[in-house]
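Undergrad: work23.pdb is reproduced below (PDB, C-alpha atoms).
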ATOM      1  CA  MET A   1       9.213 -28.380  11.700
ATOM      2  CA  GLY A   2       8.487 -25.506  14.070
ATOM      3  CA  SER A   3      11.760 -23.778  13.296
ATOM      4  CA  SER A   4      11.196 -23.830   9.517
ATOM      5  CA  SER A   5       7.830 -22.137  10.013
ATOM      6  CA  ALA A   6       9.423 -19.560  12.299
ATOM      7  CA  SER A   7      12.222 -18.882   9.816
ATOM      8  CA  GLY A   8       9.647 -18.579   7.007
ATOM      9  CA  ASP A   9       7.718 -16.018   9.057
ATOM     10  CA  LEU A  10      10.936 -14.104   9.704
ATOM     11  CA  GLU A  11      11.827 -14.119   5.999
ATOM     12  CA  GLY A  12       8.357 -12.811   5.145
ATOM     13  CA  GLU A  13       8.663 -10.060   7.753
ATOM     14  CA  MET A  14      12.085  -9.104   6.390
ATOM     15  CA  GLU A  15      10.713  -8.914   2.815
ATOM     16  CA  VAL A  16       7.785  -6.734   3.893
ATOM     17  CA  ASP A  17      10.092  -4.514   5.942
ATOM     18  CA  ALA A  18      12.507  -4.161   3.005
ATOM     19  CA  PHE A  19       9.616  -3.241   0.655
ATOM     20  CA  ARG A  20       8.319  -0.704   3.206
ATOM     21  CA  ARG A  21      11.740   0.924   3.542
ATOM     22  CA  LEU A  22      12.612   0.913  -0.170
ATOM     23  CA  PHE A  23       9.192   1.960  -1.488
ATOM     24  CA  PRO A  24       7.325   3.690   1.360
ATOM     25  CA  LEU A  25       4.803   5.450  -0.867
ATOM     26  CA  ARG A  26       3.888   2.278  -2.788
ATOM     27  CA  PHE A  27       3.752   0.348   0.511
ATOM     28  CA  HIS A  28       1.170   2.721   2.016
ATOM     29  CA  GLU A  29      -0.762   3.216  -1.244
ATOM     30  CA  ARG A  30      -1.199  -0.557  -1.505
ATOM     31  CA  HIS A  31      -2.740  -0.698   1.959
ATOM     32  CA  LEU A  32      -4.987   2.291   1.309
ATOM     33  CA  LEU A  33      -6.294   0.698  -1.905
ATOM     34  CA  GLU A  34      -7.234  -2.386   0.112
ATOM     35  CA  SER A  35      -8.714  -0.210   2.928
ATOM     36  CA  ILE A  36      -6.478  -1.780   5.547
ATOM     37  CA  ARG A  37      -3.625  -0.529   7.667
ATOM     38  CA  PRO A  38      -0.148  -2.114   7.533
ATOM     39  CA  ASP A  39      -0.994  -4.061  10.725
ATOM     40  CA  ALA A  40      -4.052  -5.592   8.915
ATOM     41  CA  ARG A  41      -6.658  -3.528  10.806
ATOM     42  CA  PRO A  42      -9.499  -1.972   8.816
ATOM     43  CA  LEU A  43      -9.035   1.792   8.414
ATOM     44  CA  GLY A  44     -11.896   2.638  10.783
ATOM     45  CA  ARG A  45     -10.907   0.322  13.642
ATOM     46  CA  ALA A  46      -8.857   1.643  16.572
ATOM     47  CA  ARG A  47      -6.003  -0.308  18.113
ATOM     48  CA  GLU A  48      -6.842  -2.543  21.069
ATOM     49  CA  SER A  49      -6.284  -0.579  24.295
ATOM     50  CA  THR A  50      -5.923  -1.528  27.963
ATOM     51  CA  VAL A  51      -5.053   0.389  31.123
ATOM     52  CA  ALA A  52      -3.911  -1.110  34.435
ATOM     53  CA  LEU A  53      -3.844   1.225  37.448
ATOM     54  CA  GLY A  54      -1.426   0.836  40.350
ATOM     55  CA  ALA A  55       1.313  -0.759  38.252
ATOM     56  CA  VAL A  56       4.129   0.699  40.425
ATOM     57  CA  ALA A  57       3.631  -0.018  44.119
ATOM     58  CA  SER A  58       6.256   2.494  45.293
ATOM     59  CA  ALA A  59       4.637   5.413  43.425
ATOM     60  CA  ASP A  60       1.821   7.603  44.719
ATOM     61  CA  GLY A  61      -0.098   6.769  41.539
ATOM     62  CA  SER A  62       0.693   4.870  38.355
ATOM     63  CA  ALA A  63      -0.757   3.315  35.226
ATOM     64  CA  LEU A  64       0.388   0.895  32.554
ATOM     65  CA  ALA A  65      -1.320   1.655  29.229
ATOM     66  CA  LYS A  66      -1.193  -0.440  26.077
ATOM     67  CA  ILE A  67      -2.392   0.822  22.734
ATOM     68  CA  GLY A  68      -1.723  -1.675  19.968
ATOM     69  CA  HIS A  69       1.908  -2.715  20.233
ATOM     70  CA  THR A  70       2.906   0.362  22.237
ATOM     71  CA  THR A  71       3.202   0.151  26.015
ATOM     72  CA  MET A  72       3.601   3.189  28.265
ATOM     73  CA  LEU A  73       4.201   3.273  31.991
ATOM     74  CA  ALA A  74       3.481   6.455  33.936
ATOM     75  CA  ALA A  75       4.150   6.952  37.646
ATOM     76  CA  ILE A  76       3.745   9.990  39.847
ATOM     77  CA  LYS A  77       5.525  10.795  43.091
ATOM     78  CA  MET A  78       4.373  13.667  45.319
ATOM     79  CA  GLU A  79       6.620  15.768  47.547
ATOM     80  CA  ILE A  80       6.065  18.873  49.652
ATOM     81  CA  MET A  81       8.011  21.943  48.506
ATOM     82  CA  THR A  82       8.257  25.657  49.203
ATOM     83  CA  PRO A  83       6.451  27.483  46.392
ATOM     84  CA  SER A  84       8.259  30.094  44.331
ATOM     85  CA  SER A  85       7.848  33.767  45.206
ATOM     86  CA  GLU A  86       6.349  34.398  41.722
ATOM     87  CA  SER A  87       3.586  31.818  42.353
ATOM     88  CA  PRO A  88       3.219  31.511  46.137
ATOM     89  CA  ASP A  89      -0.237  29.915  45.853
ATOM     90  CA  GLU A  90       0.668  27.223  43.297
ATOM     91  CA  GLY A  91       2.276  23.825  43.326
ATOM     92  CA  SER A  92       4.376  22.442  40.518
ATOM     93  CA  VAL A  93       4.582  19.501  38.115
ATOM     94  CA  ALA A  94       7.834  18.153  36.648
ATOM     95  CA  ILE A  95       7.562  15.734  33.733
ATOM     96  CA  ASP A  96      10.290  13.382  32.582
ATOM     97  CA  PHE A  97      10.001  11.072  29.570
ATOM     98  CA  HIS A  98      12.233   8.029  29.119
ATOM     99  CA  MET A  99      12.838   5.904  26.045
ATOM    100  CA  PRO A 100      15.033   2.931  26.941
ATOM    101  CA  PRO A 101      17.021   1.241  24.150
ATOM    102  CA  ILE A 102      14.532  -1.649  24.008
ATOM    103  CA  CYS A 103      11.794   0.671  22.711
ATOM    104  CA  SER A 104      13.452   1.642  19.431
ATOM    105  CA  PRO A 105      16.413   0.655  17.276
ATOM    106  CA  PHE A 106      17.292   4.377  17.129
ATOM    107  CA  VAL A 107      17.886   4.664  20.884
ATOM    108  CA  ARG A 108      21.390   3.678  21.910
ATOM    109  CA  PRO A 109      22.400   2.371  25.348
ATOM    110  CA  GLY A 110      24.244   4.742  27.649
ATOM    111  CA  ARG A 111      22.632   7.992  26.601
ATOM    112  CA  PRO A 112      19.102   9.371  26.636
ATOM    113  CA  ALA A 113      17.076   9.410  23.428
ATOM    114  CA  GLU A 114      17.394  12.745  21.639
ATOM    115  CA  VAL A 115      13.628  12.995  21.275
ATOM    116  CA  ALA A 116      12.880  12.352  24.985
ATOM    117  CA  PRO A 117      13.227  15.978  26.207
ATOM    118  CA  VAL A 118      11.117  17.171  23.273
ATOM    119  CA  ILE A 119       8.335  14.724  24.158
ATOM    120  CA  ALA A 120       8.591  15.688  27.852
ATOM    121  CA  LYS A 121       8.166  19.366  26.899
ATOM    122  CA  GLN A 122       5.191  18.555  24.657
ATOM    123  CA  LEU A 123       3.565  16.541  27.475
ATOM    124  CA  SER A 124       4.165  19.390  29.901
ATOM    125  CA  ASP A 125       2.711  21.959  27.485
ATOM    126  CA  ALA A 126      -0.324  19.757  26.762
ATOM    127  CA  ILE A 127      -1.045  19.180  30.452
ATOM    128  CA  SER A 128      -0.638  22.839  31.438
ATOM    129  CA  SER A 129      -2.624  24.261  28.491
ATOM    130  CA  SER A 130      -5.461  21.732  28.874
ATOM    131  CA  GLY A 131      -6.295  22.738  32.425
ATOM    132  CA  MET A 132      -6.091  19.082  33.506
ATOM    133  CA  ILE A 133      -4.155  20.108  36.579
ATOM    134  CA  ASN A 134      -4.988  23.271  38.491
ATOM    135  CA  LEU A 135      -1.672  24.247  40.095
ATOM    136  CA  LYS A 136      -3.549  26.342  42.680
ATOM    137  CA  GLU A 137      -5.140  23.119  43.987
ATOM    138  CA  LEU A 138      -1.628  21.854  44.746
ATOM    139  CA  SER A 139      -1.082  24.697  47.223
ATOM    140  CA  LEU A 140      -1.170  23.671  50.880
ATOM    141  CA  THR A 141      -0.303  26.954  52.616
ATOM    142  CA  THR A 142       0.203  30.087  50.498
ATOM    143  CA  GLY A 143       3.878  30.991  50.323
ATOM    144  CA  LYS A 144       4.908  28.157  52.664
ATOM    145  CA  ALA A 145       4.009  24.698  51.309
ATOM    146  CA  ALA A 146       2.727  23.152  48.102
ATOM    147  CA  TRP A 147       2.782  19.816  46.352
ATOM    148  CA  MET A 148       5.493  19.064  43.817
ATOM    149  CA  ALA A 149       4.381  16.282  41.471
ATOM    150  CA  TYR A 150       7.059  14.315  39.629
ATOM    151  CA  LEU A 151       5.580  12.497  36.638
ATOM    152  CA  ASP A 152       7.802   9.892  34.986
ATOM    153  CA  CYS A 153       6.702   8.300  31.715
ATOM    154  CA  ILE A 154       8.489   5.357  30.131
ATOM    155  CA  ALA A 155       7.812   4.180  26.576
ATOM    156  CA  LEU A 156       8.147   0.547  25.593
ATOM    157  CA  THR A 157       6.891  -1.478  22.671
ATOM    158  CA  ARG A 158       5.464  -4.911  23.276
ATOM    159  CA  HIS A 159       7.498  -6.392  20.412
ATOM    160  CA  ARG A 160      10.759  -5.254  22.043
ATOM    161  CA  VAL A 161       9.569  -6.355  25.488
ATOM    162  CA  LYS A 162       8.853  -9.839  24.108
ATOM    163  CA  GLU A 163      12.364  -9.955  22.612
ATOM    164  CA  LEU A 164      13.834  -8.968  25.981
ATOM    165  CA  GLN A 165      11.706 -11.563  27.809
ATOM    166  CA  LYS A 166      12.888 -14.258  25.388
ATOM    167  CA  ILE A 167      16.532 -13.307  25.961
ATOM    168  CA  LEU A 168      16.022 -13.280  29.741
ATOM    169  CA  ASN A 169      14.231 -16.643  29.669
ATOM    170  CA  GLU A 170      17.069 -18.155  27.627
ATOM    171  CA  ALA A 171      19.636 -16.717  30.054
ATOM    172  CA  ILE A 172      17.723 -18.106  33.037
ATOM    173  CA  SER A 173      17.404 -21.564  31.477
ATOM    174  CA  ASP A 174      21.142 -21.506  30.678
ATOM    175  CA  MET A 175      21.875 -20.682  34.348
ATOM    176  CA  GLU A 176      19.635 -23.522  35.513
ATOM    177  CA  VAL A 177      21.516 -25.987  33.322
ATOM    178  CA  ASP A 178      24.898 -24.941  34.758
TER
END
Represent the structure contained in this file as structure tokens.
TA:
Amino acid sequence: MGSSSASGDLEGEMEVDAFRRLFPLRFHERHLLESIRPDARPLGRARESTVALGAVASADGSALAKIGHTTMLAAIKMEIMTPSSESPDEGSVAIDFHMPPICSPFVRPGRPAEVAPVIAKQLSDAISSSGMINLKELSLTTGKAAWMAYLDCIALTRHRVKELQKILNEAISDMEVD
């Protein structure tokens, strides 16, 4: 009985997804007329959000953030460097953004997502233009030593993570049987 319900749910999801792809304007207009979003939230309600600090023990700082079905992991590693001659009293921040294949059907294994460097550049521009980080505060000794901060961000979606966990659980139970 459980499998027929699961297959019915899957068929319903496939029909909704097909309608969304074939008639995107009608799909969104229908939701707007009913004052709900496609995920059934009222228009004025934000997605559920959580943040867990210290998610990566080997990093100098990290956070795991979930907003709706999107999960992001950010970790920072600090290193001492020699500052550039153009900015002898400033440290530096390098940002890298990763999108593994489990986060989107458009990301293929074996090569980085095409959008990843664009997002990394946008993150870098947003952080530097916002004044969130004062690079002068990363200076240790003018012209001799400064902090270099490496910020790595990884995007995942909970739906894809659950699929991966299911596959891993099945593989583990198959190994236990053998």
Undergrad: Check what the PyMOL selection byres ((chain A and resi 149) around 6) selects in the file above and give those residues as a PDB file with C-alpha atoms, in the coordinates of the input.
TA:
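Result went into part.pdb, see below:
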ATOM      1  CA  LYS A  77       5.525  10.795  43.091  1.00  0.00           C
ATOM      2  CA  MET A  78       4.373  13.667  45.319  1.00  0.00           C
ATOM      3  CA  VAL A  93       4.582  19.501  38.115  1.00  0.00           C
ATOM      4  CA  MET A 148       5.493  19.064  43.817  1.00  0.00           C
ATOM      5  CA  TYR A 150       7.059  14.315  39.629  1.00  0.00           C
TER       6      TYR A 150
END
Undergrad: Using only C-alpha atoms, find the one residue out of A:Ile127, A:Ala155, A:Ala40, A:Ala18 that sits nearest to Pro101 (chain A).
TA: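 Ranking A:Ile127, A:Ala155, A:Ala40, A:Ala18 by distance to Pro101 (chain A), first place goes to A:Ala155.
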Undergrad: Which residue gives the smallest distance to Arg47 (chain A) among A:Ile67, A:Met132, A:Leu25, A:Met72, with only C-alpha atoms counted?
TA: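 Comparing A:Ile67, A:Met132, A:Leu25, A:Met72 against Arg47 (chain A), the winner is A:Ile67.
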Undergrad: Quick check on the file I pasted: which residues fall under the PyMOL selection byres ((chain A and resi 120) around 10)? Write them as JSON, numbers by chain.
TA: {"A": [94, 95, 96, 97, 98, 115, 116, 117, 118, 119, 121, 122, 123, 124, 125, 126, 151, 152, 153]}
Undergrad: Compare A:Leu53, A:Lys136, A:Arg41, A:Glu79 by their minimum atom-to-atom distance to Lys66 (chain A), counting all atoms listed in the file, and give me the closest one.
TA: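 Among the listed residues, the smallest separation from Lys66 (chain A) belongs to A:Leu53.
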Undergrad: Taking only C-alpha atoms into account, name the residue in A:Ala52, A:Ala57, A:Leu33, A:Leu140 that is nearest to Leu73 (chain A).
TA: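 Comparing A:Ala52, A:Ala57, A:Leu33, A:Leu140 against Leu73 (chain A), the winner is A:Ala52.
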Undergrad: Here's the selection I'm unsure about, the PyMOL selection byres ((chain A and resi 62) around 6); applied to the file above, which residues does it give, as a list in words?
TA: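 With the shown file as input, the PyMOL selection byres ((chain A and resi 62) around 6) matches Leu53, Gly54, Ala55, Val56, Gly61, Ala63, Ala74 and Ala75 of chain A.
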Undergrad: What is the CA of Asp60 (chain A) to CA of Glu137 (chain A) distance in Å?
TA: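 Taking CA of Asp60 (chain A) and CA of Glu137 (chain A), their separation equals 17.0 Å.
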Undergrad: Could you tell me which of A:Leu32, A:Ser85, A:Pro112, A:Gly68 comes closest to Ala46 (chain A) if we count all atoms listed in the file?
TA: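 Among the listed residues, A:Gly68 lies closest to Ala46 (chain A).
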Undergrad: Which one is closest to Thr141 (chain A): A:Ser129, A:Thr157, A:Pro83, A:Ala113? Count all atoms listed in the file.
TA: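 Checking each candidate against Thr141 (chain A), we get A:Pro83 as the closest.
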Undergrad: For CA of Val107 (chain A) and CA of His69 (chain A), determine how far apart the two atoms are, in Å to one decimal place.
TA: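 Distance between the two atoms: 17.6 Å.
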Undergrad: As an exercise, work out the distance from CA of Ile133 (chain A) to CA of Glu48 (chain A) in Å and give it to one decimal place.
TA: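 For CA of Ile133 (chain A) relative to CA of Glu48 (chain A), the distance reads 27.6 Å.
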